[in-house]
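Q: Following this line is model_9.cif, made up of mmCIF, C-alpha atoms and all ligand atoms:
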```cif
data_coords
loop_
_atom_site.label_atom_id
_atom_site.label_comp_id
_atom_site.auth_asym_id
_atom_site.auth_seq_id
_atom_site.Cartn_x
_atom_site.Cartn_y
_atom_site.Cartn_z
CA MET A 18 -42.07 222.02 -69.67
CA THR A 19 -39.99 219.11 -70.98
CA MET A 20 -37.93 218.65 -74.12
CA ARG A 21 -36.73 215.52 -75.75
CA LEU A 22 -32.96 215.43 -76.19
CA ARG A 23 -33.68 215.28 -79.93
CA GLU A 24 -35.29 218.72 -79.69
CA VAL A 25 -32.35 220.03 -77.66
CA ALA A 26 -29.95 218.76 -80.31
CA ASP A 27 -31.98 220.37 -83.09
CA LEU A 28 -32.38 223.69 -81.27
CA LEU A 29 -28.64 224.06 -80.67
CA GLY A 30 -27.47 222.52 -83.93
CA CYS A 31 -25.66 219.80 -82.03
CA GLN A 32 -23.45 217.10 -83.32
CA VAL A 33 -24.57 213.85 -81.71
CA VAL A 34 -21.35 212.31 -80.40
CA THR A 35 -23.00 209.18 -79.03
CA GLY A 36 -26.41 207.98 -77.92
CA GLU A 37 -28.36 208.79 -81.11
CA GLU A 38 -30.68 205.88 -80.25
CA HIS A 39 -31.68 207.48 -76.92
CA LEU A 40 -32.52 210.99 -78.15
CA ASP A 41 -36.19 210.36 -78.92
CA ARG A 42 -36.73 208.52 -75.64
CA LEU A 43 -35.02 210.79 -73.11
CA GLU A 44 -36.75 213.94 -71.90
CA VAL A 45 -35.37 216.67 -69.68
CA ASP A 46 -37.11 219.45 -67.82
CA ALA A 47 -34.01 221.05 -66.31
CA CYS A 48 -30.31 221.69 -66.91
CA PHE A 49 -27.23 222.16 -64.78
CA ALA A 50 -24.35 224.15 -66.25
CA ALA A 51 -20.86 223.89 -64.76
CA ASP A 52 -17.24 223.14 -65.51
CA LEU A 53 -16.63 221.99 -61.94
CA MET A 54 -17.91 218.44 -61.56
CA SER A 55 -17.99 218.80 -57.77
CA ASP A 56 -20.61 221.52 -58.27
CA VAL A 57 -22.73 219.10 -60.28
CA LEU A 58 -22.27 216.31 -57.75
CA ALA A 59 -23.21 218.62 -54.89
CA PHE A 60 -26.04 220.67 -56.36
CA SER A 61 -27.70 218.98 -59.34
CA ARG A 62 -30.69 216.76 -59.12
CA ALA A 63 -31.01 213.51 -61.06
CA GLY A 64 -32.37 213.51 -64.58
CA ALA A 65 -30.85 216.85 -65.57
CA LEU A 66 -28.97 217.66 -68.74
CA LEU A 67 -25.38 218.61 -67.88
CA ILE A 68 -24.07 221.55 -69.89
CA THR A 69 -20.30 221.82 -69.65
CA GLY A 70 -17.07 222.82 -71.32
CA LEU A 71 -15.24 219.98 -69.59
CA ALA A 72 -14.85 217.16 -72.09
CA SER A 73 -12.94 214.82 -69.78
CA LEU A 74 -13.60 211.30 -68.57
CA GLN A 75 -14.77 212.80 -65.30
CA ALA A 76 -17.67 214.55 -67.06
CA ALA A 77 -18.99 211.18 -68.26
CA HIS A 78 -18.46 209.62 -64.82
CA THR A 79 -20.32 212.55 -63.27
CA ALA A 80 -23.30 211.98 -65.56
CA ASP A 81 -23.23 208.29 -64.63
CA VAL A 82 -22.96 208.55 -60.84
CA ALA A 83 -25.40 211.48 -60.58
CA ASP A 84 -27.99 209.78 -62.84
CA LEU A 85 -28.04 212.64 -65.36
CA ALA A 86 -29.94 212.38 -68.65
CA GLY A 87 -27.05 213.38 -70.88
CA VAL A 88 -24.17 215.75 -71.45
CA LEU A 89 -24.06 218.78 -73.74
CA PHE A 90 -20.54 220.00 -74.51
CA VAL A 91 -20.34 223.66 -75.47
CA SER A 92 -17.91 225.79 -77.50
CA GLY A 93 -17.29 222.93 -79.90
CA LYS A 94 -15.62 220.75 -77.27
CA ARG A 95 -15.35 217.15 -78.40
CA PRO A 96 -14.64 214.36 -75.93
CA ALA A 97 -11.80 211.88 -76.47
CA PRO A 98 -12.63 208.32 -77.63
CA ALA A 99 -12.33 206.90 -74.09
CA VAL A 100 -14.96 209.36 -72.88
CA VAL A 101 -17.30 208.45 -75.73
CA GLU A 102 -16.84 204.76 -75.02
CA LEU A 103 -17.64 205.21 -71.32
CA ALA A 104 -20.77 207.23 -72.10
CA CYS A 105 -21.87 204.69 -74.69
CA GLU A 106 -21.47 201.79 -72.21
CA ASN A 107 -23.65 203.66 -69.73
CA SER A 108 -26.26 204.77 -72.31
CA ILE A 109 -25.48 208.44 -71.68
CA PRO A 110 -26.00 210.57 -74.80
CA LEU A 111 -23.29 213.11 -75.57
CA LEU A 112 -24.10 216.20 -77.62
CA SER A 113 -21.70 218.86 -78.83
CA THR A 114 -22.58 222.39 -79.92
CA THR A 115 -20.38 225.16 -81.25
CA LEU A 116 -22.46 227.66 -79.24
CA SER A 117 -20.85 229.12 -76.12
CA MET A 118 -21.97 228.14 -72.64
CA PHE A 119 -23.86 231.45 -72.37
CA GLU A 120 -25.69 231.04 -75.67
CA ALA A 121 -26.51 227.36 -75.16
CA CYS A 122 -27.93 228.05 -71.71
CA GLY A 123 -29.79 231.11 -72.95
CA ARG A 124 -31.52 229.24 -75.74
CA LEU A 125 -32.52 226.32 -73.52
CA PHE A 126 -33.80 228.69 -70.85
CA GLY A 127 -35.70 230.59 -73.53
CA ALA A 128 -37.23 227.32 -74.73
CA GLY A 129 -38.63 226.80 -71.24
CA LEU A 130 -36.19 224.45 -69.51
CA GLY A 131 -35.57 225.13 -65.83
CA SER A 132 -32.66 225.00 -63.44
CA ALA A 133 -31.72 221.62 -61.96
CA VAL A 134 -30.23 223.20 -58.83
CA ARG A 135 -31.41 221.17 -55.85
CA ARG A 136 -33.14 223.31 -53.27
CA MET B 29 -2.44 201.20 -44.39
CA ASN B 30 -2.82 203.58 -41.50
CA GLY B 31 -2.97 201.07 -38.68
CA ASP B 32 -6.70 201.24 -38.11
CA ALA B 33 -8.31 197.95 -37.28
CA PRO B 34 -10.17 196.45 -40.23
CA PRO B 35 -13.88 197.18 -40.08
CA LEU B 36 -15.69 194.27 -38.55
CA PRO B 37 -19.42 193.81 -38.71
CA ALA B 38 -21.07 193.80 -35.30
CA PRO B 39 -22.11 190.41 -33.91
CA GLY B 40 -25.23 189.16 -35.63
CA GLU B 41 -24.70 191.31 -38.71
CA GLU B 42 -24.49 189.45 -41.94
CA VAL B 43 -22.38 190.88 -44.74
CA LEU B 44 -24.20 190.00 -47.95
CA TYR B 45 -21.46 191.19 -50.26
CA SER B 46 -18.00 192.67 -49.88
CA GLU B 47 -15.24 193.62 -52.25
CA SER B 48 -12.07 195.72 -52.13
CA PHE B 49 -11.01 198.09 -54.88
CA PRO B 50 -7.50 199.56 -55.16
CA ILE B 51 -7.10 203.23 -56.13
CA ARG B 52 -3.77 204.76 -57.15
CA GLY B 53 -2.71 208.32 -56.48
CA ASN B 54 -2.40 210.61 -59.50
CA ASP B 55 -4.27 208.11 -61.70
CA PHE B 56 -6.56 210.71 -63.28
CA GLU B 57 -7.09 208.51 -66.34
CA HIS B 58 -9.14 206.13 -64.21
CA GLY B 59 -10.69 208.70 -61.88
CA GLY B 60 -14.27 207.58 -61.45
CA SER B 61 -13.88 203.97 -62.56
CA VAL B 62 -14.14 202.53 -59.04
CA ALA B 63 -17.31 204.54 -58.38
CA ALA B 64 -18.69 203.29 -61.70
CA ARG B 65 -17.88 199.64 -60.92
CA VAL B 66 -19.41 199.85 -57.47
CA LYS B 67 -22.54 201.40 -58.96
CA VAL B 68 -22.98 198.43 -61.30
CA ILE B 69 -22.61 196.01 -58.36
CA LEU B 70 -25.13 197.90 -56.21
CA LYS B 71 -27.63 197.89 -59.07
CA GLN B 72 -27.21 194.13 -59.52
CA LEU B 73 -27.80 193.67 -55.79
CA GLY B 74 -31.08 195.56 -56.06
CA ILE B 75 -30.16 198.46 -53.77
CA PRO B 76 -32.71 201.35 -54.08
CA SER B 77 -31.69 203.78 -56.80
CA ASP B 78 -31.66 206.90 -54.61
CA SER B 79 -29.33 205.12 -52.18
CA ILE B 80 -27.09 204.11 -55.08
CA ARG B 81 -26.99 207.74 -56.20
CA HIS B 82 -25.95 208.94 -52.74
CA LEU B 83 -23.24 206.28 -52.46
CA SER B 84 -21.97 206.75 -56.01
CA ILE B 85 -21.58 210.49 -55.57
CA SER B 86 -19.63 209.90 -52.35
CA ASN B 87 -17.51 207.16 -53.90
CA PHE B 88 -16.60 209.37 -56.83
CA GLU B 89 -15.61 212.35 -54.65
CA ALA B 90 -13.67 210.09 -52.28
CA GLU B 91 -11.94 208.32 -55.17
CA MET B 92 -10.91 211.66 -56.69
CA ASN B 93 -9.52 212.78 -53.33
CA VAL B 94 -7.23 209.74 -53.26
CA ILE B 95 -6.13 210.43 -56.84
CA MET B 96 -5.51 214.12 -56.10
CA TYR B 97 -3.98 214.00 -52.64
CA ALA B 98 -2.90 210.49 -51.59
CA ASP B 99 -0.47 207.79 -52.73
CA GLU B 100 -2.78 204.82 -52.77
CA ALA B 101 -5.89 203.48 -51.13
CA THR B 102 -8.29 200.60 -50.87
CA LEU B 103 -12.01 201.18 -51.06
CA GLU B 104 -13.85 198.47 -49.21
CA LEU B 105 -17.51 197.92 -49.99
CA GLN B 106 -19.73 196.09 -47.54
CA VAL B 107 -23.36 195.42 -48.32
CA LEU B 108 -25.60 194.44 -45.42
CA SER B 109 -29.34 194.13 -45.16
CA GLY B 110 -30.62 197.74 -45.20
CA GLU B 111 -27.18 199.34 -45.29
CA VAL B 112 -24.22 199.82 -47.59
CA ARG B 113 -20.91 200.72 -45.96
CA VAL B 114 -17.76 202.09 -47.50
CA ILE B 115 -14.37 202.24 -45.82
CA LEU B 116 -11.73 204.12 -47.76
CA ALA B 117 -8.29 203.98 -46.15
CA ASP B 118 -5.43 205.74 -47.90
CA ARG B 119 -1.70 205.98 -47.48
CA GLY B 120 -0.74 209.59 -48.00
CA PRO B 121 0.04 212.93 -46.39
CA GLY B 122 -2.99 212.92 -44.12
CA ILE B 123 -4.98 216.03 -43.21
CA VAL B 124 -3.64 218.49 -40.63
CA ASP B 125 -6.92 220.26 -39.83
CA LEU B 126 -9.97 218.06 -40.34
CA ASP B 127 -12.47 220.78 -39.36
CA LEU B 128 -11.01 223.04 -42.02
CA ALA B 129 -10.98 220.26 -44.63
CA MET B 130 -14.67 219.60 -43.93
CA GLN B 131 -15.59 223.23 -44.60
CA GLU B 132 -17.38 223.94 -47.86
CA GLY B 133 -15.03 225.86 -50.16
CA TYR B 134 -11.77 224.90 -48.48
CA SER B 135 -9.41 223.32 -51.00
CA THR B 136 -5.70 222.88 -51.61
CA ALA B 137 -6.32 221.68 -55.17
CA THR B 138 -3.97 222.82 -57.93
CA PRO B 139 -5.16 224.56 -61.11
CA GLU B 140 -4.56 221.26 -62.95
CA MET B 141 -6.98 219.51 -60.63
CA ARG B 142 -9.54 222.26 -61.17
CA GLN B 143 -9.20 221.74 -64.91
CA ARG B 144 -10.32 218.18 -64.28
CA GLY B 145 -13.48 219.52 -62.70
CA PHE B 146 -12.52 219.00 -59.06
CA GLY B 147 -11.08 221.21 -56.36
CA ALA B 148 -14.14 223.26 -55.46
CA GLY B 149 -13.75 222.30 -51.81
CA LEU B 150 -17.10 220.56 -51.92
CA GLY B 151 -16.07 216.90 -51.86
CA LEU B 152 -15.85 216.02 -48.17
CA PRO B 153 -18.92 218.05 -47.09
CA ASN B 154 -20.89 216.48 -49.94
CA ILE B 155 -19.87 212.97 -48.90
CA LYS B 156 -21.10 213.76 -45.41
CA ARG B 157 -24.39 215.15 -46.75
CA ASN B 158 -24.98 212.03 -48.84
CA SER B 159 -24.34 209.65 -45.93
CA ASP B 160 -26.39 208.49 -42.95
CA VAL B 161 -23.20 207.58 -41.11
CA PHE B 162 -19.95 209.46 -41.67
CA SER B 163 -16.55 209.64 -40.03
CA ILE B 164 -13.10 210.80 -41.05
CA THR B 165 -9.84 210.14 -39.25
CA SER B 166 -6.39 211.14 -40.35
CA THR B 167 -2.80 210.86 -39.22
CA VAL B 168 -0.41 213.36 -40.73
CA GLY B 169 2.30 211.61 -42.73
CA VAL B 170 0.43 208.30 -42.62
CA GLY B 171 -2.97 208.58 -44.21
CA THR B 172 -6.69 209.25 -44.04
CA THR B 173 -9.61 206.92 -43.47
CA LEU B 174 -13.16 207.74 -44.48
CA ARG B 175 -16.10 205.64 -43.35
CA TYR B 176 -19.58 206.27 -44.57
CA ALA B 177 -22.81 204.37 -44.94
CA VAL B 178 -26.22 204.78 -46.51
CA GLN B 179 -29.22 203.07 -44.95
CA PHE B 180 -32.52 202.09 -46.55
CA GLU B 181 -35.63 199.97 -46.01
CA ALA B 182 -34.45 196.40 -46.47
N1 LIG A 201 -7.44 211.70 -48.84
C1 LIG A 201 -6.92 212.89 -48.57
N2 LIG A 201 -5.61 213.01 -48.20
C2 LIG A 201 -5.09 214.22 -47.93
N3 LIG A 201 -5.77 215.38 -47.97
C3 LIG A 201 -7.06 215.34 -48.33
C4 LIG A 201 -7.71 214.10 -48.65
N4 LIG A 201 -9.01 214.37 -48.94
C5 LIG A 201 -9.15 215.69 -48.82
N5 LIG A 201 -8.00 216.29 -48.44
C6 LIG A 201 -7.79 217.73 -48.16
O1 LIG A 201 -9.03 218.30 -47.82
C7 LIG A 201 -9.36 219.38 -48.73
C8 LIG A 201 -10.85 219.43 -48.97
O2 LIG A 201 -11.28 218.25 -49.64
P1 LIG A 201 -12.63 218.27 -50.48
O3 LIG A 201 -13.73 218.73 -49.61
O4 LIG A 201 -12.80 216.93 -51.12
O5 LIG A 201 -12.41 219.41 -51.57
P2 LIG A 201 -11.42 219.45 -52.83
O6 LIG A 201 -10.98 218.06 -53.15
O7 LIG A 201 -12.27 220.05 -53.89
O8 LIG A 201 -10.30 220.34 -52.44
C9 LIG A 201 -8.52 219.09 -49.95
O9 LIG A 201 -8.28 220.24 -50.73
C10 LIG A 201 -7.26 218.50 -49.35
O10 LIG A 201 -6.43 219.54 -48.86
MG MG A 202 -12.30 216.51 -53.15
#
```
Show the structure stored in the file as structure tokens.

A:
Amino acid sequence: MTMRLREVADLLGCQVVTGEEHLDRLEVDACFAADLMSDVLAFSRAGALLITGLASLQAAHTADVADLAGVLFVSGKRPAPAVVELACENSIPLLSTTLSMFEACGRLFGAGLGSAVRR
Amino acid sequence: MNGDAPPLPAPGEEVLYSESFPIRGNDFEHGGSVAARVKVILKQLGIPSDSIRHLSISNFEAEMNVIMYADEATLELQVLSGEVRVILADRGPGIVDLDLAMQEGYSTATPEMRQRGFGAGLGLPNIKRNSDVFSITSTVGVGTTLRYAVQFEA
């Protein structure tokens, strides 16, 4: 089961912060949800969608170094301009939803996406 | 830095590319920028993407450790045929118990650091896991030196 990021954005009523032009191209089959970037760096596989409440520069760097497909910020978190710029430079789409972490994960799981935890 | 001899390639080894990157303690605003710059360089040099991912993850964790715990450091990148090496020597408090620091879950991070998404006690063990060669040395009151390398089919 894969979803285009466009479908993810539609399902969760996301605001597209940056990377609109990549949403129809990028597909994900799994997500990794965490506020600790070290968790993501240690346990997520490449190509995942990162779901996080951490809207810092380090979230965008994490998506870059770990080759993630994009970042979904939950609970209405909006990244600062420097974060958006960094993500834009690296072609990493940033989405923002007002849904909580629990609800966002629940809906994506319900839609058939899997866990990106590396076994 | 901490008095260690500079890393020298063994006789017959050709360094294809090398560059040094300064990192400043407490510079959270730039935390990750050295890892990002190195990643761009490795891509341009045509290093395999899974090796770049391993190195970039290590560089990011190591860079954040300097920012969180040390005063300053230099990350030295050396690209050889079939191997990328990183030597990260910092000036800082050093680590009293290296075995403890290498344990998954051990962390002296502050709540502020955790708010930045670090301080899970996973950094050093993850650097080791992502490397084919790994060593850490530290002198209390002087600094810490990490050396790691990723190897690949040239
Ligand atoms: N460069 C360093 N200088 C001093 N202490 C360090 C350094 N790197 C790591 N440490 C110590 O080792 C511990 C474990 O490091 P690490 O595995 O990266 O986890 P974390 O950074 O999440 O705490 C740190 O909490 C810190 O006490
Ligand atoms: Mg660390």

Q: Grab the CA of Ala64 (chain B) to CA of Leu105 (chain B) distance for me, in Å with one decimal place.

A: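 Separating CA of Ala64 (chain B) from CA of Leu105 (chain B) is a distance of 12.9 Å.
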
Q: Check which residues of chain A sit at most 12 Å from chain B using all atoms listed in the file, and return one row each with the closest pair of atoms and their distance in Å to one decimal, ordered by chain and rising number, as a Markdown table.

A:
```
| residue | atom | partner | partner_atom | distance |
| --- | --- | --- | --- | --- |
| A:Ala51 | CA | B:Gly145 | CA | 8.8 |
| A:Asp52 | CA | B:Gly145 | CA | 5.9 |
| A:Leu53 | CA | B:Gly145 | CA | 4.1 |
| A:Met54 | CA | B:Gly145 | CA | 4.7 |
| A:Ser55 | CA | B:Phe146 | CA | 5.6 |
| A:Asp56 | CA | B:Ala148 | CA | 7.3 |
| A:Val57 | CA | B:Gly145 | CA | 9.6 |
| A:Leu58 | CA | B:Ile85 | CA | 6.3 |
| A:Ala59 | CA | B:Asn154 | CA | 5.9 |
| A:Phe60 | CA | B:Asn154 | CA | 9.2 |
| A:Ser61 | CA | B:Ile85 | CA | 11.1 |
| A:Arg62 | CA | B:Arg81 | CA | 10.2 |
| A:Ala63 | CA | B:Arg81 | CA | 8.5 |
| A:Gly64 | CA | B:Arg81 | CA | 11.5 |
| A:Thr69 | CA | B:Gly145 | CA | 10.0 |
| A:Gly70 | CA | B:Gly145 | CA | 9.9 |
| A:Leu71 | CA | B:Gly145 | CA | 7.1 |
| A:Ala72 | CA | B:Arg144 | CA | 9.1 |
| A:Ser73 | CA | B:Arg144 | CA | 7.0 |
| A:Leu74 | CA | B:Glu57 | CA | 7.4 |
| A:Gln75 | CA | B:Gly60 | CA | 6.5 |
| A:Ala76 | CA | B:Gly145 | CA | 7.8 |
| A:Ala77 | CA | B:Gly60 | CA | 9.0 |
| A:His78 | CA | B:Gly60 | CA | 5.8 |
| A:Thr79 | CA | B:Gly60 | CA | 8.0 |
| A:Ala80 | CA | B:Ile85 | CA | 10.2 |
| A:Asp81 | CA | B:Ala64 | CA | 7.4 |
| A:Val82 | CA | B:Ser84 | CA | 5.2 |
| A:Ala83 | CA | B:Arg81 | CA | 6.0 |
| A:Asp84 | CA | B:Arg81 | CA | 7.0 |
| A:Leu85 | CA | B:Arg81 | CA | 10.4 |
| A:Ala97 | CA | B:Glu57 | CA | 11.7 |
| A:Ala99 | CA | B:Glu57 | CA | 9.5 |
| A:Val100 | CA | B:Glu57 | CA | 10.3 |
| A:Leu103 | CA | B:Ser61 | CA | 9.6 |
| A:Ala104 | CA | B:Ala64 | CA | 11.3 |
| A:Glu106 | CA | B:Ala64 | CA | 11.0 |
| A:Asn107 | CA | B:Ala64 | CA | 9.4 |
```

Q: So, counting only C-alpha atoms and all ligand atoms, which residue among B:Ala117, B:Val94, B:Leu70, B:Ala101 is closest to ligand LIG 201 (chain A)?

A: B:Val94

Q: By how many Å are CA of Leu44 (chain B) and CA of Leu108 (chain B) apart?

A: 5.3 Å

Q: Region 127-132 of chain B, all listed atoms, 5 Å padding on each side: what axis-aligned box centre and edge lengths in Å to one decimal come out, as lines of an AutoDock Vina configuration file?

A:
```
center_x = -14.2
center_y = 221.8
center_z = -43.6
size_x = 16.4
size_y = 14.3
size_z = 18.5
```

Q: Between A:Ile68, A:Val25, A:Ser108, A:Ala133, which residue has the minimum interatomic distance to Leu89 (chain A), considering all atoms listed in the file?

A: A:Ile68

Q: Quick one: residues within 9 Å of region 162-170 of chain B, all atoms listed in the file counted, chain neighbours fewer than 4 positions away excluded, as a ChimeraX atom specification?

A: /B:29-31,118-124,126,155-157,174-177

Q: Give the answer as one residue: which of B:Pro76, B:Gly110, B:Pro50, B:Gly133 has the shortest atom-to-atom distance to ligand MG 202 (chain A), using only C-alpha atoms and all ligand atoms?

A: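 Ranking B:Pro76, B:Gly110, B:Pro50, B:Gly133 by distance to ligand MG 202 (chain A), first place goes to B:Gly133.
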
Q: Between atom N2 of ligand LIG 201 (chain A) and CA of Arg135 (chain A), what distance in Å does the model show, to one decimal?

A: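 Those two atoms sit 28.1 Å apart.
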
Q: Quick one: residues within 9 Å of (-5.8, 219.6, -50.7) (file frame), counting all atoms listed in the file, please, as number ranges by chain.

A: B: 93, 96-97, 123, 129, 134-138, 147, 149

Q: Have a look at B:Val178, B:Ser46, B:Val107, B:Gly171 and name the one nearest to ligand LIG 201 (chain A); count all atoms listed in the file.

A: B:Gly171

Q: Could you check which of B:Ala90, B:Val112, B:Ile51, B:Ile75 is closest to ligand LIG 201 (chain A), using all atoms listed in the file?

A: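 Using all atoms listed in the file, ligand LIG 201 (chain A) sits closest to B:Ala90.
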
Q: Which is closer to ligand MG 202 (chain A) than all the others in B:Glu47, B:Asp55, B:Asp160, B:Glu91, using all atoms listed in the file?

A: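 Nearest candidate to ligand MG 202 (chain A) out of B:Glu47, B:Asp55, B:Asp160, B:Glu91: B:Glu91.
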
Q: What lies within 6 Å of Leu116 (chain B) using all atoms listed in the file, ignoring chain neighbours under 3 positions off, as a compact mmCIF listing (two decimals) with C-alpha atoms, in the coordinates of the input?

A:
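Result saved to out-v8.txt:
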```txt
# COMPACT_ATOMS: atom_id res chain seq x y z
CA THR B 102 -8.29 200.60 -50.87
CA LEU B 103 -12.01 201.18 -51.06
CA THR B 173 -9.61 206.92 -43.47
CA LEU B 174 -13.16 207.74 -44.48
```

Q: Would you mind putting back all heavy atoms on region 62-70 of chain A, then writing it out as a PDB file, in the frame of the given file?

A:
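Result file result.pdb:
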```pdb
ATOM      1  N   ARG A  62     -29.832 217.921 -59.349  1.00  0.00           N
ATOM      2  CA  ARG A  62     -30.690 216.760 -59.120  1.00  0.00           C
ATOM      3  C   ARG A  62     -30.573 215.787 -60.293  1.00  0.00           C
ATOM      4  O   ARG A  62     -30.067 216.136 -61.357  1.00  0.00           O
ATOM      5  CB  ARG A  62     -32.123 217.179 -58.844  1.00  0.00           C
ATOM      6  CG  ARG A  62     -32.813 217.958 -59.910  1.00  0.00           C
ATOM      7  CD  ARG A  62     -34.261 218.244 -59.431  1.00  0.00           C
ATOM      8  NE  ARG A  62     -34.892 219.305 -60.161  1.00  0.00           N
ATOM      9  CZ  ARG A  62     -35.424 219.180 -61.369  1.00  0.00           C
ATOM     10  NH1 ARG A  62     -35.348 218.025 -61.993  1.00  0.00           N
ATOM     11  NH2 ARG A  62     -36.010 220.209 -61.954  1.00  0.00           N
ATOM     12  N   ALA A  63     -31.070 214.566 -60.043  1.00  0.00           N
ATOM     13  CA  ALA A  63     -31.010 213.510 -61.060  1.00  0.00           C
ATOM     14  C   ALA A  63     -31.877 213.894 -62.259  1.00  0.00           C
ATOM     15  O   ALA A  63     -32.787 214.711 -62.139  1.00  0.00           O
ATOM     16  CB  ALA A  63     -31.486 212.194 -60.462  1.00  0.00           C
ATOM     17  N   GLY A  64     -31.545 213.321 -63.395  1.00  0.00           N
ATOM     18  CA  GLY A  64     -32.370 213.510 -64.580  1.00  0.00           C
ATOM     19  C   GLY A  64     -32.087 214.761 -65.372  1.00  0.00           C
ATOM     20  O   GLY A  64     -32.702 214.994 -66.417  1.00  0.00           O
ATOM     21  N   ALA A  65     -31.147 215.587 -64.890  1.00  0.00           N
ATOM     22  CA  ALA A  65     -30.850 216.850 -65.570  1.00  0.00           C
ATOM     23  C   ALA A  65     -29.952 216.629 -66.781  1.00  0.00           C
ATOM     24  O   ALA A  65     -29.273 215.617 -66.895  1.00  0.00           O
ATOM     25  CB  ALA A  65     -30.166 217.809 -64.598  1.00  0.00           C
ATOM     26  N   LEU A  66     -29.949 217.626 -67.653  1.00  0.00           N
ATOM     27  CA  LEU A  66     -28.970 217.660 -68.740  1.00  0.00           C
ATOM     28  C   LEU A  66     -27.781 218.480 -68.242  1.00  0.00           C
ATOM     29  O   LEU A  66     -27.943 219.625 -67.813  1.00  0.00           O
ATOM     30  CB  LEU A  66     -29.582 218.328 -69.980  1.00  0.00           C
ATOM     31  CG  LEU A  66     -28.623 218.562 -71.156  1.00  0.00           C
ATOM     32  CD1 LEU A  66     -28.148 217.248 -71.755  1.00  0.00           C
ATOM     33  CD2 LEU A  66     -29.288 219.428 -72.233  1.00  0.00           C
ATOM     34  N   LEU A  67     -26.603 217.891 -68.288  1.00  0.00           N
ATOM     35  CA  LEU A  67     -25.380 218.610 -67.880  1.00  0.00           C
ATOM     36  C   LEU A  67     -24.854 219.393 -69.068  1.00  0.00           C
ATOM     37  O   LEU A  67     -24.642 218.835 -70.142  1.00  0.00           O
ATOM     38  CB  LEU A  67     -24.333 217.610 -67.384  1.00  0.00           C
ATOM     39  CG  LEU A  67     -22.931 218.168 -67.114  1.00  0.00           C
ATOM     40  CD1 LEU A  67     -22.964 219.261 -66.052  1.00  0.00           C
ATOM     41  CD2 LEU A  67     -21.976 217.046 -66.696  1.00  0.00           C
ATOM     42  N   ILE A  68     -24.660 220.695 -68.854  1.00  0.00           N
ATOM     43  CA  ILE A  68     -24.070 221.550 -69.890  1.00  0.00           C
ATOM     44  C   ILE A  68     -22.684 221.945 -69.400  1.00  0.00           C
ATOM     45  O   ILE A  68     -22.542 222.531 -68.321  1.00  0.00           O
ATOM     46  CB  ILE A  68     -24.925 222.816 -70.111  1.00  0.00           C
ATOM     47  CG1 ILE A  68     -26.382 222.434 -70.374  1.00  0.00           C
ATOM     48  CG2 ILE A  68     -24.372 223.649 -71.262  1.00  0.00           C
ATOM     49  CD1 ILE A  68     -27.331 223.632 -70.421  1.00  0.00           C
ATOM     50  N   THR A  69     -21.642 221.605 -70.164  1.00  0.00           N
ATOM     51  CA  THR A  69     -20.300 221.820 -69.650  1.00  0.00           C
ATOM     52  C   THR A  69     -19.274 222.039 -70.773  1.00  0.00           C
ATOM     53  O   THR A  69     -19.493 221.616 -71.910  1.00  0.00           O
ATOM     54  CB  THR A  69     -19.846 220.618 -68.775  1.00  0.00           C
ATOM     55  OG1 THR A  69     -18.593 220.911 -68.177  1.00  0.00           O
ATOM     56  CG2 THR A  69     -19.733 219.338 -69.589  1.00  0.00           C
ATOM     57  N   GLY A  70     -18.200 222.684 -70.409  1.00  0.00           N
ATOM     58  CA  GLY A  70     -17.070 222.820 -71.320  1.00  0.00           C
ATOM     59  C   GLY A  70     -15.965 221.839 -70.975  1.00  0.00           C
ATOM     60  O   GLY A  70     -14.893 221.866 -71.559  1.00  0.00           O
TER      61      GLY A  70
END
```
